[in-house]
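Raw contents of entry20.tsv, TSV, C-alpha atoms:
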```tsv
chain	number	residue	atom	x	y	z
A	1	MET	CA	49.21	-151.79	-54.17
A	2	GLN	CA	51.26	-152.88	-51.17
A	3	THR	CA	53.25	-149.66	-51.41
A	4	CYS	CA	50.10	-147.55	-51.57
A	5	LEU	CA	48.55	-149.26	-48.55
A	6	THR	CA	51.54	-149.31	-46.19
A	7	PRO	CA	52.39	-146.00	-44.47
A	8	GLY	CA	56.08	-145.28	-44.40
A	9	LEU	CA	57.00	-147.14	-47.58
A	10	PRO	CA	58.70	-145.11	-50.31
A	11	GLY	CA	55.95	-144.01	-52.68
A	12	TYR	CA	53.14	-144.13	-50.10
A	13	ASP	CA	52.74	-140.34	-50.31
A	14	SER	CA	52.87	-140.20	-54.13
A	15	SER	CA	49.96	-138.70	-56.03
A	16	GLU	CA	49.17	-142.10	-57.58
A	17	CYS	CA	48.91	-143.76	-54.16
A	18	SER	CA	47.00	-140.86	-52.60
A	19	GLY	CA	44.44	-141.00	-55.44
A	20	TYR	CA	44.17	-144.76	-55.10
A	21	ARG	CA	43.55	-144.62	-51.33
A	22	ALA	CA	41.03	-141.79	-51.68
A	23	ALA	CA	38.92	-143.88	-54.05
A	24	ILE	CA	38.84	-147.06	-51.94
A	25	PRO	CA	35.55	-147.79	-50.22
A	26	GLN	CA	36.00	-149.55	-46.89
A	27	VAL	CA	33.89	-152.58	-47.85
A	28	ASN	CA	35.57	-154.15	-50.90
A	29	GLN	CA	38.79	-152.45	-51.94
A	30	PHE	CA	39.42	-154.68	-54.96
A	31	ALA	CA	36.11	-153.81	-56.64
A	32	SER	CA	36.61	-150.13	-55.94
A	33	PRO	CA	37.17	-147.15	-58.21
A	34	GLY	CA	40.61	-146.95	-56.57
A	35	VAL	CA	41.72	-150.24	-58.07
A	36	GLN	CA	40.29	-149.19	-61.41
A	37	LEU	CA	42.11	-145.85	-61.16
A	38	PHE	CA	45.36	-147.62	-60.22
A	39	GLY	CA	45.08	-149.96	-63.20
A	40	ALA	CA	43.99	-147.29	-65.68
A	41	SER	CA	47.57	-146.70	-66.78
A	42	TYR	CA	47.60	-150.24	-68.17
A	43	LEU	CA	44.56	-149.63	-70.38
A	44	VAL	CA	46.47	-147.85	-73.11
A	45	PRO	CA	48.44	-149.80	-75.72
A	46	THR	CA	51.88	-148.55	-74.70
A	47	ALA	CA	54.88	-150.37	-73.32
A	48	PRO	CA	54.31	-151.13	-69.63
A	49	VAL	CA	56.32	-149.15	-67.10
A	50	ARG	CA	56.39	-149.00	-63.34
A	51	PHE	CA	55.16	-145.95	-61.44
A	52	ASP	CA	57.62	-143.16	-60.61
A	53	PHE	CA	57.38	-143.99	-56.89
A	54	CYS	CA	59.13	-147.29	-57.61
A	55	GLY	CA	62.39	-145.33	-57.48
A	56	PRO	CA	65.64	-145.67	-59.42
A	57	GLY	CA	65.88	-149.10	-61.01
A	58	ASN	CA	62.40	-149.84	-59.58
A	59	VAL	CA	64.10	-150.77	-56.30
A	60	ASN	CA	61.17	-149.79	-54.06
A	61	CYS	CA	58.57	-151.80	-55.94
A	62	LEU	CA	60.82	-154.79	-56.56
A	63	GLY	CA	61.67	-154.90	-52.85
A	64	GLU	CA	57.98	-155.00	-51.93
A	65	ALA	CA	57.29	-157.53	-54.68
A	66	SER	CA	59.99	-159.75	-53.20
A	67	LEU	CA	58.29	-159.66	-49.80
A	68	VAL	CA	54.92	-160.54	-51.32
A	69	TRP	CA	56.56	-163.38	-53.32
A	70	GLN	CA	58.17	-164.71	-50.14
A	71	ASP	CA	54.77	-164.58	-48.40
A	72	THR	CA	53.24	-166.53	-51.30
A	73	GLN	CA	55.92	-169.21	-51.00
A	74	ALA	CA	55.53	-169.40	-47.22
A	75	ALA	CA	51.74	-169.78	-47.51
A	76	ALA	CA	52.12	-172.61	-50.02
A	77	GLU	CA	54.46	-174.42	-47.64
A	78	GLN	CA	52.35	-173.72	-44.55
A	79	PHE	CA	49.17	-175.21	-45.98
A	80	TYR	CA	50.67	-178.16	-47.86
A	81	ASP	CA	49.54	-181.32	-46.06
A	82	ARG	CA	52.65	-183.48	-46.11
A	83	SER	CA	51.11	-186.06	-43.77
A	84	ALA	CA	50.23	-189.57	-44.92
A	85	ALA	CA	46.66	-188.34	-45.47
A	86	CYS	CA	47.86	-185.80	-48.07
A	87	GLY	CA	44.54	-183.99	-47.73
A	88	PHE	CA	45.61	-180.74	-49.39
A	89	THR	CA	48.30	-179.97	-51.93
A	90	THR	CA	49.54	-176.45	-52.60
A	91	PHE	CA	51.74	-174.99	-55.30
A	92	VAL	CA	53.69	-171.76	-55.53
A	93	GLY	CA	52.18	-169.80	-58.38
A	94	TYR	CA	50.86	-166.52	-59.69
A	95	GLU	CA	48.85	-165.01	-62.52
A	96	TRP	CA	50.72	-163.21	-65.29
A	97	THR	CA	48.25	-160.76	-66.80
A	98	GLY	CA	48.55	-158.25	-69.58
A	99	ASN	CA	45.64	-155.87	-69.87
A	100	THR	CA	46.73	-153.13	-72.26
A	101	GLY	CA	43.99	-151.86	-74.51
A	102	VAL	CA	41.53	-153.84	-72.36
A	103	ARG	CA	42.73	-157.10	-73.91
A	104	ASN	CA	43.09	-159.62	-71.13
A	105	LEU	CA	45.92	-162.09	-71.51
A	106	HIS	CA	46.01	-164.40	-68.52
A	107	ARG	CA	48.57	-167.07	-67.79
A	108	ASN	CA	48.54	-169.05	-64.56
A	109	VAL	CA	52.16	-169.83	-63.74
A	110	ILE	CA	52.51	-172.80	-61.38
A	111	PHE	CA	55.76	-174.23	-60.04
A	112	ARG	CA	56.25	-177.92	-59.29
A	113	ASN	CA	58.14	-177.40	-56.04
A	114	ALA	CA	59.66	-174.74	-53.80
A	115	VAL	CA	62.48	-174.00	-56.27
A	116	VAL	CA	61.26	-170.84	-57.99
A	117	PRO	CA	62.77	-167.70	-59.59
A	118	PRO	CA	63.65	-164.87	-57.18
A	119	LEU	CA	60.65	-162.82	-58.39
A	120	PRO	CA	57.62	-163.59	-60.54
A	121	ILE	CA	58.06	-162.60	-64.16
A	122	THR	CA	55.43	-159.90	-64.68
A	123	TYR	CA	53.86	-158.21	-67.66
A	124	ILE	CA	56.13	-155.24	-67.05
A	125	GLU	CA	59.27	-157.32	-67.53
A	126	GLU	CA	57.83	-159.52	-70.29
A	127	PRO	CA	54.79	-157.98	-72.03
A	128	THR	CA	54.15	-160.93	-74.37
A	129	PRO	CA	53.33	-164.56	-73.68
A	130	GLN	CA	56.36	-165.53	-75.74
A	131	GLY	CA	58.56	-163.32	-73.54
A	132	LEU	CA	57.08	-164.93	-70.44
A	133	TRP	CA	57.82	-168.42	-71.78
A	134	THR	CA	61.38	-167.45	-72.73
A	135	ALA	CA	62.00	-165.94	-69.29
A	136	LEU	CA	60.56	-169.03	-67.56
A	137	GLN	CA	62.78	-171.21	-69.72
A	138	THR	CA	65.87	-169.19	-68.76
A	139	GLN	CA	65.11	-168.49	-65.10
A	140	CYS	CA	63.57	-171.86	-64.24
A	141	LEU	CA	63.81	-174.73	-66.69
A	142	ASP	CA	67.40	-174.08	-67.82
A	143	ALA	CA	68.63	-173.05	-64.36
A	144	ALA	CA	69.77	-176.62	-63.46
A	145	ASN	CA	68.37	-176.27	-59.95
A	146	ASP	CA	65.27	-178.53	-60.06
A	147	CYS	CA	62.92	-175.65	-60.94
A	148	ASP	CA	59.97	-176.81	-63.03
A	149	VAL	CA	57.01	-174.76	-64.20
A	150	LEU	CA	53.69	-174.95	-66.01
A	151	ALA	CA	52.01	-171.94	-67.65
A	152	ILE	CA	48.31	-172.27	-68.41
A	153	ARG	CA	46.43	-169.89	-70.69
A	154	THR	CA	43.11	-168.75	-69.30
A	155	THR	CA	40.47	-166.56	-70.86
A	156	ARG	CA	37.50	-164.56	-69.67
A	157	ILE	CA	34.17	-165.34	-71.26
```
I'd like the structure from this file rewritten - as structure tokens, please.
Amino acid sequence: MQTCLTPGLPGYDSSECSGYRAAIPQVNQFASPGVQLFGASYLVPTAPVRFDFCGPGNVNCLGEASLVWQDTQAAAEQFYDRSAACGFTTFVGYEWTGNTGVRNLHRNVIFRNAVVPPLPITYIEEPTPQGLWTALQTQCLDAANDCDVLAIRTTRI
């Protein structure tokens, strides 16, 4: 979505992004038909792929994802109260979600400290919970760099 909302980024002028922006009401963009339209490609039971505007090797989208991931890490550090009062604790984390065929598979992925993989492992890279766990094992737990992680299964009722 970052690509579709930021003029000048590669992919901003793509048909997918233009359709997304056209369907966004100004009040609540995340409850809009635009978000539903953007996510519609994930409602069919096929292997997940990135949009064409992501470029060769998905470089455009992975670059933007890296910036968002860095922002997430910076926010966790900014709001962590490291004073003696310890009034607020933050963690770097994200939600891994698979939604093909309208089957929600949610996993909250929470890291123990600031040592995290270079990018979140998404449903596109690992479309099964087992793939997520294997990737977290390889990229975090086995990395011998003090990375530690917890993945929590959540469901919608």
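Comparing the minimum interatomic distances between A:Val116 and each of A:Leu141, A:Thr134, A:Val68, A:Ala84, counting all atoms listed in the file, we find that A:Leu141 sits nearest.
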Please provide the set of residues having any atom within 12 Å of stretch 58-61 of chain A, restricted to all atoms listed in the file, with same-chain residues fewer than 5 positions apart removed, written as a count of residues only. 20
Near-stretch 86-94 of chain A list (12 Å; all atoms listed in the file; drop same-chain fewer than 3 positions) as JSON, numbers by chain: {"A": [68, 69, 70, 71, 72, 73, 74, 75, 76, 77, 78, 79, 80, 81, 82, 83, 97, 106, 107, 108, 109, 110, 111, 112, 113, 114, 115, 116, 117, 119, 120, 121, 122, 123, 147, 148, 149, 150, 151, 152]}
What does the structure give for the distance between atom CA of A:Glu16 and atom CA of A:Gly55, in Å to one decimal? 13.6 Å
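One finds atom CA of A:Leu132 at 11.6 Å from atom CA of A:Leu105.
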Which residues come within 10 Å of A:Glu126, counting only C-alpha atoms, excluding same-chain residues fewer than 6 positions away, as a PyMOL selection string? chain A and resi 48+96+98+132-135
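One distance worth recording is that between atom CA of A:Pro7 and atom CA of A:Ala47, which is 29.3 Å.
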Listed atoms of stretch 123-135 of chain A, axis-aligned box, 4 Å per side: centre and edge lengths to one decimal in Å, as lines of an AutoDock Vina configuration file?
```
center_x = 57.7
center_y = -161.8
center_z = -71.4
size_x = 16.7
size_y = 21.2
size_z = 16.7
```
Copy stretch 73-96 of chain A out of the block into a file, keeping C-alpha atoms, as a compact mmCIF listing (two decimals), in the first residue's frame.
```
# COMPACT_ATOMS: atom_id res chain seq x y z
CA GLN A 73 11.83 -1.04 14.74
CA ALA A 74 12.44 2.66 15.38
CA ALA A 75 8.95 3.09 16.87
CA ALA A 76 9.48 0.15 19.21
CA GLU A 77 12.74 1.69 20.43
CA GLN A 78 11.32 5.22 20.69
CA PHE A 79 8.43 4.25 22.94
CA TYR A 80 10.20 1.66 25.11
CA ASP A 81 10.45 3.13 28.61
CA ARG A 82 13.94 2.11 29.71
CA SER A 83 13.77 4.28 32.83
CA ALA A 84 13.65 2.80 36.33
CA ALA A 85 9.86 3.19 36.20
CA CYS A 86 9.65 0.84 33.20
CA GLY A 87 6.14 2.12 32.53
CA PHE A 88 5.83 0.81 28.97
CA THR A 89 7.51 -2.07 27.18
CA THR A 90 7.52 -2.42 23.41
CA PHE A 91 8.51 -5.25 21.11
CA VAL A 92 9.37 -5.37 17.43
CA GLY A 93 6.74 -7.51 15.79
CA TYR A 94 4.29 -7.98 12.96
CA GLU A 95 1.32 -10.07 11.89
CA TRP A 96 1.88 -12.84 9.37
```
